[in-house]
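Okay, structure first, notes after.
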Amino acid sequence: MPLHRWDPLAPDDRHHDGRRRIAMNPFYGAADPVAGMAEAPPKHRLPDGPLTPSTAYQLVHDELMLDGNARLNLATFVTTWMEPQAGILMAECRDKNMIDKDEYPRTAELERRCVAMLADLWNAPDPDTAVGCSTTGSSEACMLAGMALKRRWAQRNADRYPSSGARPNLVMGVNVQVCWEKFCNFWEVEARQVPMEGDRFHLDPAAAAALCDENTIGVVGILGSTFDGSYEPIAELCAALDELQERTGLDVPVHVDGASGAMVAPFLDEDLVWDFRLPRVASINTSGHKYGLVYPGVGWALWRSPAELPEELVFRVNYLGGDMPTFALNFSRPGAQVVAQYYTFLRLGREGFRAVQQSTRDVATGLAEQVAAFGDFRLLTRGDELPVFAFTTTDDVTAYDVFDVARRLSERGWLVPAYTFPENRQDLSVLRVVCRNGFSSDLAELFVEDLGRLLPELRKQPHPITGDKAAATGFHH
């Protein structure tokens, strides 16, 4: 079905002489307000002729004004503010195809440096030999990590795979990002998910180990669940798998999906052991465009050593006259985001990242306390791991629900997701606030003021009134 409907103009939408009315400001005509502006350009087919650059820009600009304000989007983890200098660098590099390392060797060198910096940050045994690459985001990075897990498992089980009795599986919590479900679907891997139970909203190490067998390619641990911002216990997960190996001989690797937390924990939770310090952690991914503080889209996938990335997954191709190894899925993308990542690493350093992430966490924990102080809400998390917190209404609130709150906040421009938790906790519906660099304490105070203004009106409702709760909000990231 078409994504957009087109309705013919009604008769009264024409001038008295039969010409169509102009669906834009006549002043968009560059020299003469009416010259060449008798008709608006069509929306669903190419125009017959060109427009001036200023007119084309204004038409697109005006339509985009109806989008939400990205800075007020408390649903997304994606960076919505960077320094102007970063924007200039990105503009200078947007025409460079990242994959063409022969033509753009310095861009390729900046990518290599970023990989080395992340390997050092994540305590790889030998950062100089750790392998990795940039991607379009964590979703692609997870696909690459999953592919490596599956291929290594297939190599270890070459005597029985493929066969009907050897279907690979991947163990994860039910709270994983949807990209892992996509991976399992696309690469024909059984997804074994640990359900939520009670007030545990992420993976349980013992339950994960119990789901493993000889066909398990790996276990995914999430350093920063998108449902509530909590860290999964990666060290405890590795310990449970160590015990499983002692009992059964099964050696199951761990991939850490650190889409958000891998750029927070190294700076704010230095004593937390979750990374390559754990021998069972084979690979880690992160999103440079989340708490890596870069505009979308850039992600990173790293393996602790070349042994964890099967050589047959690395393509060596003759491209524009040069031999080039590549193991990303995407073959054409701009170098701008990688350059911006290197700029951010260079600009901030460890102390700068620590200051930025601490400020963001302070805003999150402070805002969570203010939300709880209204008395209408119960906090599930407090923003003291990821700068993210989830909350729901208290048991005695019956006049409205979280979907009503999300709807009313949107009237003030705030985009706050309301959603129901998955299997075993589908009785629980929550709101979630993501605090990012650029969401200042001043903006947080404005958010609290707006929430405080609408609560008296919500309390007067006879009952919750949001009808279609499935359409009330989006939660896809």
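By convention in this document, the chains of the structure tokens carry letters A, B, ... by their order, each chain's residues are numbered from 1, and ligands are numbered from 1 in the order they are shown.
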
*asked:* as number ranges by chain, please: the residues near Asp213 (chain A) (cut-off 9 Å, only C-alpha atoms, same-chain neighbours under 5 positions excluded).
replied: A: 169, 250, 252

Once you count only C-alpha atoms, what closest atom pair and distance in Å to one decimal does each residue of region 352-460 of chain A within 9 Å of region 170-185 of chain A have, with rows by chain and rising residue number, as JSON lines?
```
{"residue": "A:Phe421", "atom": "CA", "partner": "A:Asn175", "partner_atom": "CA", "distance": 8.6}
{"residue": "A:Pro422", "atom": "CA", "partner": "A:Val174", "partner_atom": "CA", "distance": 7.1}
{"residue": "A:Glu423", "atom": "CA", "partner": "A:Val174", "partner_atom": "CA", "distance": 7.5}
```

Surrounding residues of Phe227 (chain A) excluding itself and chain neighbours under 3 positions, 12 Å, only C-alpha atoms, as a short mmCIF file (atom, residue, chain, number, x, y, z; two decimals) with N, CA, C and O atoms, in the first residue's frame:
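So part16.cif came out as:
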```cif
data_model
loop_
_atom_site.label_atom_id
_atom_site.label_comp_id
_atom_site.auth_asym_id
_atom_site.auth_seq_id
_atom_site.Cartn_x
_atom_site.Cartn_y
_atom_site.Cartn_z
N ALA A 75 12.72 10.29 24.30
CA ALA A 75 12.61 8.87 23.96
C ALA A 75 13.91 8.35 23.37
O ALA A 75 14.30 7.21 23.60
N THR A 76 14.59 9.18 22.61
CA THR A 76 15.73 8.69 21.85
C THR A 76 17.02 8.72 22.65
O THR A 76 17.25 9.62 23.46
N PHE A 77 17.88 7.73 22.41
CA PHE A 77 19.22 7.70 22.96
C PHE A 77 20.20 8.44 22.05
O PHE A 77 21.36 8.65 22.42
N GLY A 173 18.31 -11.81 27.19
CA GLY A 173 17.14 -11.41 27.96
C GLY A 173 16.04 -10.94 27.02
O GLY A 173 16.29 -10.51 25.89
N VAL A 174 14.81 -10.99 27.50
CA VAL A 174 13.68 -10.55 26.69
C VAL A 174 13.72 -9.05 26.46
O VAL A 174 13.01 -8.51 25.61
N ASN A 175 14.58 -8.35 27.19
CA ASN A 175 14.70 -6.90 27.10
C ASN A 175 15.67 -6.44 26.02
O ASN A 175 15.93 -5.23 25.91
N VAL A 176 16.20 -7.35 25.21
CA VAL A 176 17.19 -6.93 24.21
C VAL A 176 16.57 -6.00 23.18
O VAL A 176 15.35 -6.01 22.95
N GLN A 177 17.43 -5.20 22.55
CA GLN A 177 16.99 -4.35 21.46
C GLN A 177 16.56 -5.22 20.29
O GLN A 177 17.05 -6.33 20.10
N VAL A 178 15.63 -4.72 19.49
CA VAL A 178 15.01 -5.52 18.43
C VAL A 178 16.02 -6.00 17.40
O VAL A 178 15.77 -6.98 16.69
N MET A 196 11.36 -11.66 32.01
CA MET A 196 11.40 -10.84 33.22
C MET A 196 10.63 -11.55 34.33
O MET A 196 9.70 -12.31 34.06
N ARG A 200 12.79 -7.86 38.53
CA ARG A 200 13.98 -8.06 37.70
C ARG A 200 13.56 -7.85 36.25
O ARG A 200 12.81 -8.63 35.69
N PHE A 201 14.08 -6.78 35.66
CA PHE A 201 13.64 -6.39 34.33
C PHE A 201 14.67 -6.71 33.25
O PHE A 201 14.58 -6.20 32.13
N HIS A 202 15.67 -7.51 33.60
CA HIS A 202 16.65 -7.90 32.59
C HIS A 202 17.11 -9.34 32.87
O HIS A 202 16.54 -10.04 33.69
N ILE A 222 23.49 -7.13 28.12
CA ILE A 222 23.20 -5.74 27.76
C ILE A 222 23.76 -4.80 28.84
O ILE A 222 23.32 -4.85 29.99
N LEU A 223 24.69 -3.96 28.46
CA LEU A 223 25.18 -2.96 29.40
C LEU A 223 24.37 -1.68 29.18
O LEU A 223 24.79 -0.76 28.50
N GLY A 224 23.18 -1.70 29.78
CA GLY A 224 22.27 -0.57 29.65
C GLY A 224 21.02 -0.94 28.88
O GLY A 224 20.92 -0.74 27.67
N SER A 230 18.98 0.05 33.14
CA SER A 230 19.81 -0.70 34.09
C SER A 230 20.87 -1.52 33.37
O SER A 230 20.69 -1.95 32.23
N TYR A 231 22.00 -1.73 34.06
CA TYR A 231 23.06 -2.60 33.55
C TYR A 231 22.71 -4.06 33.86
O TYR A 231 22.29 -4.38 34.98
N GLU A 232 22.95 -4.93 32.89
CA GLU A 232 22.87 -6.36 33.21
C GLU A 232 24.18 -6.78 33.89
O GLU A 232 25.25 -6.22 33.60
N LEU A 380 11.07 2.92 38.80
CA LEU A 380 11.64 1.59 38.62
C LEU A 380 13.16 1.67 38.66
O LEU A 380 13.83 0.78 39.18
N THR A 381 13.70 2.70 38.04
CA THR A 381 15.14 2.97 38.08
C THR A 381 15.32 4.47 38.34
O THR A 381 14.39 5.26 38.18
N LEU A 386 22.75 3.87 33.42
CA LEU A 386 22.59 4.79 32.31
C LEU A 386 21.87 6.04 32.83
O LEU A 386 21.11 5.96 33.79
N VAL A 388 19.24 7.28 32.50
CA VAL A 388 17.90 6.92 32.01
C VAL A 388 17.10 6.42 33.20
O VAL A 388 17.64 5.68 34.02
N PHE A 389 15.85 6.80 33.28
CA PHE A 389 15.03 6.22 34.35
C PHE A 389 13.62 5.96 33.84
O PHE A 389 13.12 6.62 32.93
N ALA A 390 13.02 4.93 34.42
CA ALA A 390 11.65 4.54 34.07
C ALA A 390 10.77 4.67 35.30
O ALA A 390 11.23 4.44 36.43
N PHE A 391 9.53 5.04 35.09
CA PHE A 391 8.61 5.18 36.23
C PHE A 391 7.19 4.87 35.78
O PHE A 391 6.86 4.93 34.59
N PRO A 417 8.25 8.36 25.81
CA PRO A 417 7.58 7.11 25.44
C PRO A 417 6.85 6.47 26.62
O PRO A 417 7.35 6.46 27.75
N ALA A 418 5.68 5.96 26.36
CA ALA A 418 4.94 5.13 27.32
C ALA A 418 4.75 3.77 26.66
O ALA A 418 4.38 3.70 25.49
N TYR A 419 5.01 2.71 27.37
CA TYR A 419 4.96 1.39 26.77
C TYR A 419 4.75 0.33 27.83
O TYR A 419 4.98 0.56 29.03
N THR A 420 4.31 -0.83 27.39
CA THR A 420 4.08 -1.97 28.27
C THR A 420 5.28 -2.90 28.21
O THR A 420 5.85 -3.13 27.13
N PHE A 421 5.68 -3.43 29.34
CA PHE A 421 6.82 -4.35 29.39
C PHE A 421 6.44 -5.68 28.72
O PHE A 421 5.27 -5.99 28.55
N PRO A 422 7.45 -6.48 28.36
CA PRO A 422 7.19 -7.72 27.61
C PRO A 422 6.77 -8.88 28.51
O PRO A 422 6.43 -8.70 29.69
N ARG A 425 5.71 -9.57 32.41
CA ARG A 425 5.43 -8.31 33.09
C ARG A 425 4.60 -7.40 32.20
O ARG A 425 4.75 -6.19 32.23
N LEU A 428 2.70 -4.31 33.49
CA LEU A 428 3.41 -3.10 33.88
C LEU A 428 3.59 -2.17 32.69
O LEU A 428 4.22 -2.53 31.69
N SER A 429 3.05 -0.96 32.79
CA SER A 429 3.23 0.07 31.77
C SER A 429 4.00 1.24 32.39
O SER A 429 3.70 1.64 33.52
N VAL A 430 4.96 1.77 31.66
CA VAL A 430 5.87 2.76 32.23
C VAL A 430 6.09 3.92 31.26
O VAL A 430 5.79 3.83 30.07
N LEU A 431 6.65 4.98 31.81
CA LEU A 431 7.23 6.08 31.04
C LEU A 431 8.75 6.00 31.23
O LEU A 431 9.23 5.56 32.28
N ARG A 432 9.48 6.42 30.20
CA ARG A 432 10.94 6.38 30.30
C ARG A 432 11.52 7.70 29.82
O ARG A 432 11.10 8.24 28.79
N VAL A 433 12.47 8.23 30.58
CA VAL A 433 13.14 9.49 30.23
C VAL A 433 14.62 9.21 29.99
O VAL A 433 15.30 8.65 30.85
N VAL A 434 15.09 9.57 28.80
CA VAL A 434 16.51 9.44 28.44
C VAL A 434 17.15 10.82 28.52
O VAL A 434 16.72 11.74 27.83
N PHE A 475 7.86 2.81 20.74
CA PHE A 475 9.03 2.38 21.50
C PHE A 475 9.75 1.36 20.64
O PHE A 475 9.41 0.19 20.61
N HIS A 476 10.73 1.85 19.89
CA HIS A 476 11.43 0.97 18.95
C HIS A 476 12.93 1.01 19.13
O HIS A 476 13.67 0.47 18.32
N HIS A 477 13.43 1.66 20.18
CA HIS A 477 14.87 1.84 20.29
C HIS A 477 15.26 1.94 21.75
O HIS A 477 14.42 2.09 22.61
#
```

*asked:* Which residues are near Arg156 (chain A)? Cut-off 12 Å, only C-alpha atoms, ignore same chain within fewer than 6 positions. Put them as a list in words.
replied: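 Contacts, in chain order: Leu149, Lys150, Pro162, Ala166, Pro168, Glu214, Asn215, Thr216, Ile217, Leu250, Asp251, Val252 and Pro310 of chain A.
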
Mind writing the picked residues with C-alpha atoms as a PDB file, in the first residue's frame?
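Result file result20.pdb:
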```pdb
ATOM      1  CA  LEU A 149      29.624 -16.037  17.077  1.00  0.00           C
ATOM      2  CA  LYS A 150      27.712 -18.255  14.678  1.00  0.00           C
ATOM      3  CA  PRO A 162      24.577 -28.383   9.256  1.00  0.00           C
ATOM      4  CA  ALA A 166      22.232 -28.887  15.221  1.00  0.00           C
ATOM      5  CA  PRO A 168      22.239 -22.816  16.514  1.00  0.00           C
ATOM      6  CA  GLU A 214      25.793 -27.630  22.740  1.00  0.00           C
ATOM      7  CA  ASN A 215      24.061 -25.530  20.068  1.00  0.00           C
ATOM      8  CA  THR A 216      24.429 -22.186  21.850  1.00  0.00           C
ATOM      9  CA  ILE A 217      26.598 -19.812  19.832  1.00  0.00           C
ATOM     10  CA  LEU A 250      30.386 -26.236  27.229  1.00  0.00           C
ATOM     11  CA  ASP A 251      32.451 -23.148  26.433  1.00  0.00           C
ATOM     12  CA  VAL A 252      29.937 -20.388  25.639  1.00  0.00           C
ATOM     13  CA  PRO A 310      36.916 -15.734  11.721  1.00  0.00           C
TER      14      PRO A 310
END
```

*Step one, run DSSP on the backbone; step two, keep only residues of region 102-316 of chain A assigned to strand (DSSP E or B); then write them as a PyMOL selection string.*
chain A and resi 131-135+169-173+190-194+197+200+216-223+231+254-257+281-287+299-303+315-316

_Nearest residue to Leu211 (chain A) from the set A:Leu302, A:Ala373, A:Val194, A:Ala259 (distances using only C-alpha atoms)_ = A:Val194

_I'd like to know which of A:Glu188, A:Phe267, A:Arg459, A:Asp199 is closest to Asp228 (chain A), using only C-alpha atoms._
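Nearest to Asp228 (chain A): A:Asp199.
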
*Measuring atom to atom with only C-alpha atoms, identify which of A:Gly218, A:Gly335, A:Pro233, A:Gly146 is nearest to Leu203 (chain A).*
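That would be A:Pro233, the residue with the smallest distance to Leu203 (chain A).
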